[in-house]
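**Student:** Have a look at the structure that comes next, please.
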Amino acid sequence: MIRSAGPNGIFLWPGKSGRDGGPEHPAAYHMLDVMAVAEVLLGQADFSSEQKATFALLAGAHDLGKISLSFRSMLRHGQRQHFSHWELTEAWLFPELPRLADRLNGSWRPLKHLISAVAGHHGRPSGRSEEVYQRYRDQWPDEEGRLDAVTLFDAFLTLFPDASLAGLREADAKRRSWWLAGLVTAADWVASNPDWFPPLEPSLDLPAYLHRARGLAAIAVREAGLQPVPVKDGWLFPFPAEQMRAMQREASSIALRDGPMLAFIEDETGAGKTEAGLILAQRMLLSEKAKGLFFALPTMATADAMFARARGMMGRLFDCPSLTLAHGRAALSRDFRALVGRESGDEDDVTCAPWLADSRHRALLGDIGIGTIDQALLSILPSRFSTLRHWGLSSKILIVDEAHELGDPYMAEQLARLLEMHAMAGGSAILMSATLPINLRQRFAEAFERGTGREAGVDRDMAYPSLSIAGGEARRSYPAVSGKGDVAVCRLEAMADAVDVLADGAAKGAACVWVRNAVDDAIAAVEALRERGVEAKLLHARFALHDRKRIEAEVLARWGRGGQERGGVLVATQIVESSLDLDFDLMVSDLAPMAALIQRIGRLWRHMDLRPATGRPLAGPVLHLLSPDPDFATDERWLQRVLDRGAWTYPLTDQWRTADKLVRRGRISIPADLRALVEAVDGNDIAEVPAALQKAEEERFGQIYAERSRALNNVIAIAEGYATARVGSSREYPTRLGEETRTLLLARREAGGLRPWAPLSGNDEVAEREAWMLSEVSVRCRWLARFALPDQAAADVVVLKQGWPEWRREDVLVCPVEADGRISDGLRYEVDRGLTGSSPQTRG
């Protein structure tokens, strides 16, 4: 056994195994590598020099547990460790807390939380108590490792003479521990890359090696895409500044608040909120409120659309920034893949370092991230590496688009906690929405201000549109910008009436859309239209991803902003509410809650600058609302008699209140009426529902209470500190609630076995992997339970699943599709209808 040799013995403990027969990298050197990276990452943080020195010092101490017999035996001989090395970091340092805290001019209590934060850099805290550590030391004594670890930390202290805990309270350390754990994880991942920090035999003393590591760290952080880039002070958009819309003009002049700030941009769909948000964000960046941006969207489709839209502008906002796409299917984006590893040709280029793109956990670390809101919410849920996400977000302006989509009780509580934690770390945010209820705006403002330590004022101003800064200035009530005028509301009593309206509109050459609440109802609508001789295109969520993307591209080419062929009919589900920039002359919609209908109306007479009223085949915009009469809600099946399966998509009482308001009103003035309409359904002063719906109302209140309670139980307890954090799976702590779904993997039977449903774009493994991903379709388990499913023990299915991880074998159902579209009894897939099923049950 290699024995310790006093101060020089600290170099005999390995930190990384040799690569290709090369030398081991000493643990002491690796810890100095992490220190050096942490110093670079801390370089532009808003801390005093003493605080930066303290955090860098502690970041280096993260792997003190590698100074142990058990880790050395594991690394060299594969022997099992009784404690992980990162848990041993706490075991070695906790007995030294009073002495070390005294050396750092502070108290041991805050130091304990900071040590737990740096030790927990593998995605979760140890959860071990000092009593457990004592039992470990009694059972597996390692005095040699403990003494050398303490000796090494004492040596580290001499490298950072300015490090100090003076004035740091325990409560502050608990709150800061989340951020510090994320910083250390990022620094450790960068410093563990042997291409940037090649292994070196113990030939340099600590000061000399730290000098070397600092030089390597500057290069590594830059090549990893983590070095902030300069912000530009120039015009961002292809249109001239003189053509700014009202909200955009206000965003360019509203007074910014000192310190972290939260802004709300509330305006109708198509009013240019995104551009207004970018104008405001640029001013905030130039005021040094952040170093980057993260756009949080409600769905992967909206994130993809924002990525395509923002990519061309980001090079005008930053000097050669790194841009990441952050969601579960980012690898399918060819636009994103084209950025990875791309060399910047000029200052307006954007790129993405391969290191950033290599892991979904790193997607929030670049200069600009665009992804789903789920990626941000994971930072406040008990998930692995949540602290890394928190650290990555902390230096960015969090821009939440379509914020009303987070209005359900579960997601609203999560967003409130996210805003509080983001503000606590010094971050700023912008929330954008066309239909954000006043009570949600107030709740989000209160949460953010709580994170800053400031008192939140009360802002219940109903004026609309509105640009407001929590605790600061507000600009409100601008002139309308859509130019579409009032939208008439015409109630349709039955599905046959909707078919008549659409057939008549199509005959006049109008671009028509029918937005349905349920997939099966959308399929039935297309069949009814085709029976009338009206050709209709179908878009819903039960298409394989390849077919859905193809149909979306066709829909955008025909009815998008640049579309030329204007006639025809689209039948779609809620997909069209926000993810696609479409413009129709005539709209039929199933009854839905007010906020959803307002989003749908945003696709009616949308691009008035390109297609003014005089050039449209109809006299004016009309919302044809398929809904029963709200005055005759005599039982809970009031809505189902008209909408069938779509009656159960949304809360029944929300839909009744929406119908009651719109049918009585008969017209919507945009934007003047939008605030009052949203508040009539989602506000504090809502109408009483009929007696027949009272039971549904009580059940809805119970559901709201349950969802809110679950959210409060799931989100992290910021004030308790990282050391007490739980870590669980996404099933235990989901970002969203909803019906359980199952992934079906569609396949074709060919001579060589099962092949992906989607065509291959090439002949390599990457193309095949992409094709399989594009062959997936997500289906509600409750709907799927009605059908016999393909045998997963079939020989060709077993062959396909070989090598899959256990979770994928359990979660993914392989579905070979026969030439006639048959999958199993009652279950079919067709390219123009998607996944369909015939079953005696009608409710699904």
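Here, A, B, ... name the chains of the structure tokens in the order displayed, residue numbers run from 1 inside each chain, and ligands are numbered from 1 in the same displayed order.
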List the neighbours of A:Leu436 out to 8 Å using only C-alpha atoms; skip same-chain residues closer than 2 positions along the sequence, and give me the result as a ChimeraX atom specification.

**Tutor:** /A:266,403-404,407,433-434,438,440-441,678

**Student:** Can you tell me which residues surround stretch 734-747 of chain A at a distance of at most 6 Å, considering only C-alpha atoms, apart from same-chain residues fewer than 4 positions away, and format the answer as a tab-separated table (two decimals) with all heavy atoms, in the first residue's frame?

**Tutor:**
```
chain	number	residue	atom	x	y	z
A	374	ASP	N	-40.51	23.53	-19.49
A	374	ASP	CA	-40.16	22.39	-18.64
A	374	ASP	C	-38.69	22.39	-18.28
A	374	ASP	O	-38.31	22.04	-17.16
A	374	ASP	CB	-40.50	21.08	-19.35
A	374	ASP	CG	-41.93	21.05	-19.86
A	374	ASP	OD1	-42.19	21.68	-20.90
A	374	ASP	OD2	-42.76	20.41	-19.21
A	730	SER	N	-38.81	11.93	-12.93
A	730	SER	CA	-39.78	12.83	-13.55
A	730	SER	C	-41.20	12.32	-13.34
A	730	SER	O	-42.15	13.10	-13.41
A	730	SER	CB	-39.49	12.97	-15.04
A	730	SER	OG	-39.54	11.70	-15.68
A	754	LEU	N	-37.70	-5.17	-39.05
A	754	LEU	CA	-38.48	-3.95	-38.87
A	754	LEU	C	-37.64	-2.73	-39.19
A	754	LEU	O	-36.50	-2.61	-38.76
A	754	LEU	CB	-39.01	-3.87	-37.43
A	754	LEU	CG	-40.02	-4.94	-37.02
A	754	LEU	CD1	-40.42	-4.77	-35.56
A	754	LEU	CD2	-41.26	-4.89	-37.92
A	755	ARG	N	-38.23	-1.83	-39.95
A	755	ARG	CA	-37.58	-0.58	-40.31
A	755	ARG	C	-38.45	0.58	-39.84
A	755	ARG	O	-39.67	0.44	-39.68
A	755	ARG	CB	-37.37	-0.49	-41.83
A	755	ARG	CG	-36.59	-1.64	-42.41
A	755	ARG	CD	-35.19	-1.72	-41.81
A	755	ARG	NE	-34.40	-0.53	-42.15
A	755	ARG	CZ	-33.33	-0.14	-41.49
A	755	ARG	NH1	-32.93	-0.81	-40.42
A	755	ARG	NH2	-32.66	0.91	-41.89
A	756	PRO	N	-37.87	1.76	-39.60
A	756	PRO	CA	-38.68	2.89	-39.11
A	756	PRO	C	-39.74	3.31	-40.10
A	756	PRO	O	-39.56	3.20	-41.33
A	756	PRO	CB	-37.64	4.00	-38.90
A	756	PRO	CG	-36.45	3.60	-39.69
A	756	PRO	CD	-36.45	2.11	-39.75
A	757	TRP	N	-40.87	3.78	-39.57
A	757	TRP	CA	-41.95	4.30	-40.40
A	757	TRP	C	-41.48	5.51	-41.20
A	757	TRP	O	-41.78	5.63	-42.39
A	757	TRP	CB	-43.14	4.69	-39.51
A	757	TRP	CG	-44.24	5.39	-40.25
A	757	TRP	CD1	-44.44	6.73	-40.37
A	757	TRP	CD2	-45.26	4.75	-41.01
A	757	TRP	NE1	-45.54	6.98	-41.16
A	757	TRP	CE2	-46.07	5.78	-41.56
A	757	TRP	CE3	-45.60	3.43	-41.27
A	757	TRP	CZ2	-47.18	5.52	-42.35
A	757	TRP	CZ3	-46.71	3.16	-42.06
A	757	TRP	CH2	-47.48	4.20	-42.59
A	775	SER	N	-40.50	8.37	-35.99
A	775	SER	CA	-41.57	7.38	-36.14
A	775	SER	C	-42.39	7.21	-34.88
A	775	SER	O	-43.27	6.35	-34.81
A	775	SER	CB	-40.95	6.02	-36.54
A	775	SER	OG	-40.25	6.12	-37.76
A	776	GLU	N	-42.13	8.03	-33.87
A	776	GLU	CA	-42.85	7.93	-32.60
A	776	GLU	C	-44.15	8.74	-32.62
A	776	GLU	O	-44.24	9.78	-33.27
A	776	GLU	CB	-41.98	8.43	-31.45
A	776	GLU	CG	-40.76	7.57	-31.16
A	776	GLU	CD	-39.93	8.08	-30.01
A	776	GLU	OE1	-40.22	9.20	-29.51
A	776	GLU	OE2	-38.98	7.39	-29.61
A	777	VAL	N	-45.13	8.25	-31.88
A	777	VAL	CA	-46.37	8.99	-31.65
A	777	VAL	C	-46.79	8.75	-30.20
A	777	VAL	O	-46.71	7.63	-29.70
A	777	VAL	CB	-47.48	8.56	-32.64
A	777	VAL	CG1	-47.75	7.07	-32.56
A	777	VAL	CG2	-48.76	9.35	-32.39
A	778	SER	N	-47.17	9.82	-29.53
A	778	SER	CA	-47.56	9.74	-28.12
A	778	SER	C	-49.08	9.66	-28.02
A	778	SER	O	-49.79	10.45	-28.66
A	778	SER	CB	-47.04	10.96	-27.35
A	778	SER	OG	-47.37	10.87	-25.99
A	779	VAL	N	-49.58	8.71	-27.21
A	779	VAL	CA	-51.01	8.44	-27.14
A	779	VAL	C	-51.43	8.34	-25.67
A	779	VAL	O	-50.68	7.80	-24.84
A	779	VAL	CB	-51.36	7.13	-27.87
A	779	VAL	CG1	-52.87	6.93	-27.91
A	779	VAL	CG2	-50.79	7.12	-29.27
A	780	ARG	N	-52.62	8.83	-25.36
A	780	ARG	CA	-53.14	8.70	-24.00
A	780	ARG	C	-53.40	7.23	-23.69
A	780	ARG	O	-54.01	6.50	-24.48
A	780	ARG	CB	-54.43	9.50	-23.85
A	780	ARG	CG	-54.23	11.01	-23.87
A	780	ARG	CD	-55.55	11.75	-23.69
A	780	ARG	NE	-56.49	11.47	-24.76
A	780	ARG	CZ	-57.66	10.87	-24.60
A	780	ARG	NH1	-58.04	10.46	-23.40
A	780	ARG	NH2	-58.46	10.68	-25.62
A	781	CYS	N	-52.95	6.80	-22.52
A	781	CYS	CA	-53.11	5.41	-22.13
A	781	CYS	C	-54.59	5.02	-22.05
A	781	CYS	O	-54.96	3.89	-22.39
A	781	CYS	CB	-52.42	5.15	-20.79
A	781	CYS	SG	-50.61	5.23	-20.88
A	812	VAL	N	-41.87	2.01	-24.32
A	812	VAL	CA	-42.13	2.18	-25.76
A	812	VAL	C	-42.74	0.91	-26.32
A	812	VAL	O	-42.21	-0.19	-26.14
A	812	VAL	CB	-40.83	2.55	-26.51
A	812	VAL	CG1	-41.09	2.64	-28.01
A	812	VAL	CG2	-40.28	3.87	-25.99
A	813	LEU	N	-43.84	1.08	-27.03
A	813	LEU	CA	-44.56	-0.03	-27.63
A	813	LEU	C	-44.29	-0.05	-29.13
A	813	LEU	O	-44.65	0.89	-29.84
A	813	LEU	CB	-46.06	0.12	-27.37
A	813	LEU	CG	-46.98	-1.02	-27.78
A	813	LEU	CD1	-46.78	-2.22	-26.87
A	813	LEU	CD2	-48.44	-0.56	-27.71
A	814	VAL	N	-43.62	-1.08	-29.60
A	814	VAL	CA	-43.31	-1.20	-31.03
A	814	VAL	C	-44.58	-1.64	-31.77
A	814	VAL	O	-45.21	-2.64	-31.39
A	814	VAL	CB	-42.17	-2.20	-31.28
A	814	VAL	CG1	-41.93	-2.39	-32.77
A	814	VAL	CG2	-40.90	-1.72	-30.59
A	815	CYS	N	-44.94	-0.90	-32.81
A	815	CYS	CA	-46.17	-1.16	-33.55
A	815	CYS	C	-45.88	-1.31	-35.04
A	815	CYS	O	-45.84	-0.31	-35.78
A	815	CYS	CB	-47.17	-0.01	-33.34
A	815	CYS	SG	-47.77	0.14	-31.65
A	816	PRO	N	-45.68	-2.53	-35.52
A	816	PRO	CA	-45.54	-2.72	-36.97
A	816	PRO	C	-46.85	-2.37	-37.67
A	816	PRO	O	-47.94	-2.77	-37.23
A	816	PRO	CB	-45.23	-4.22	-37.08
A	816	PRO	CG	-44.71	-4.62	-35.73
A	816	PRO	CD	-45.45	-3.76	-34.76
A	817	VAL	N	-46.73	-1.62	-38.76
A	817	VAL	CA	-47.91	-1.19	-39.52
A	817	VAL	C	-47.94	-1.98	-40.83
A	817	VAL	O	-46.98	-1.95	-41.61
A	817	VAL	CB	-47.85	0.32	-39.82
A	817	VAL	CG1	-49.10	0.77	-40.57
A	817	VAL	CG2	-47.70	1.13	-38.52
```

**Student:** If you take only C-alpha atoms and a cut-off of 12 Å, which residues of stretch 349-391 of chain A touch stretch 300-305 of chain A, and what are their nearest atom pairs and distances in Å to one decimal, in chain and number order, as a tab-separated table?

**Tutor:**
```
residue	atom	partner	partner_atom	distance
A:Gly369	CA	A:Ala303	CA	10.0
A:Ile370	CA	A:Ala303	CA	6.3
A:Gly371	CA	A:Ala303	CA	5.1
A:Thr372	CA	A:Met300	CA	6.0
A:Ile373	CA	A:Ala303	CA	9.2
A:Asp374	CA	A:Met300	CA	9.8
A:Gln375	CA	A:Met300	CA	10.8
```

**Student:** Hey, what's within 12 Å of A:Arg72 if we count only C-alpha atoms and toss same-chain stuff fewer than 5 positions away? As an NGL selection string, please?

**Tutor:** :A and (1-2 or 12-17 or 24 or 26-27 or 65-67 or 77-81 or 84-85 or 142 or 145)

**Student:** Can you check which residues of stretch 460-529 of chain A DSSP gives as strand (DSSP E or B) on the backbone and send them as number ranges by chain?

**Tutor:** A: 466-469, 474-476, 487-492, 511-515

**Student:** What are the closest atom pairs, with distances in Å to one decimal, for each residue of stretch 220-292 of chain A lying within 10 Å of stretch 652-673 of chain A, using only C-alpha atoms, rows by chain and rising residue number, as a Markdown table?

**Tutor:**
```
| residue | atom | partner | partner_atom | distance |
| --- | --- | --- | --- | --- |
| A:Asp267 | CA | A:Pro671 | CA | 7.6 |
| A:Glu268 | CA | A:Pro671 | CA | 6.2 |
| A:Thr269 | CA | A:Pro671 | CA | 9.4 |
| A:Ala271 | CA | A:Pro671 | CA | 9.9 |
```

**Student:** Show which residues sit within 6 Å of stretch 160-168 of chain A, as a compact mmCIF listing (two decimals) with N, CA and C atoms, in the first residue's frame. Count only C-alpha atoms, and ignore same-chain residues fewer than 5 positions away.

**Tutor:**
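Listed below is the output, result.txt:
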```txt
# COMPACT_ATOMS: atom_id res chain seq x y z
N GLU A 50 -13.72 38.87 -2.23
CA GLU A 50 -13.61 37.91 -1.14
C GLU A 50 -14.59 36.74 -1.34
N ALA A 53 -13.34 34.48 -4.17
CA ALA A 53 -12.24 33.64 -3.70
C ALA A 53 -12.77 32.49 -2.86
N THR A 54 -13.77 32.76 -2.02
CA THR A 54 -14.34 31.71 -1.17
C THR A 54 -15.01 30.63 -2.01
N LEU A 104 -11.55 31.20 8.11
CA LEU A 104 -12.24 32.00 7.08
C LEU A 104 -13.03 33.16 7.68
N ASN A 105 -12.79 33.45 8.95
CA ASN A 105 -13.40 34.62 9.62
C ASN A 105 -14.92 34.57 9.63
N GLY A 106 -15.46 33.37 9.84
CA GLY A 106 -16.91 33.25 9.86
C GLY A 106 -17.38 32.17 10.80
```

**Student:** From a DSSP calculation on the backbone, collect every residue of stretch 241-304 of chain A in alpha helix (DSSP H) and output the set as a VMD selection string.

**Tutor:** chain A and resid 246 to 251 273 to 286 300 to 304

**Student:** May I have the residues within 12 Å of A:Arg530 as a list in words, using only C-alpha atoms and disregarding those fewer than 4 positions away in the same chain?

**Tutor:** Val499, Leu502, Ala503, Ile523, Ala524, Ala525, Val526, Val534, Glu535, Ala536, Lys537, Leu538, Gly568, Val569, Leu570 and Val571 of chain A

**Student:** Which of these residues is nearest to A:Asp46, using only C-alpha atoms: A:Val190, A:Leu712, A:Ala290, A:Ala251?

**Tutor:**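 Comparing A:Val190, A:Leu712, A:Ala290, A:Ala251 against A:Asp46, the winner is A:Ala290.
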
**Student:** Go through A:Gly753, A:Pro110, A:Gly821, A:Pro298 and flag the residue nearest A:Ala795, using only C-alpha atoms for the distances.

**Tutor:**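 Looking at the shortest contact to A:Ala795, the residue is A:Gly753.
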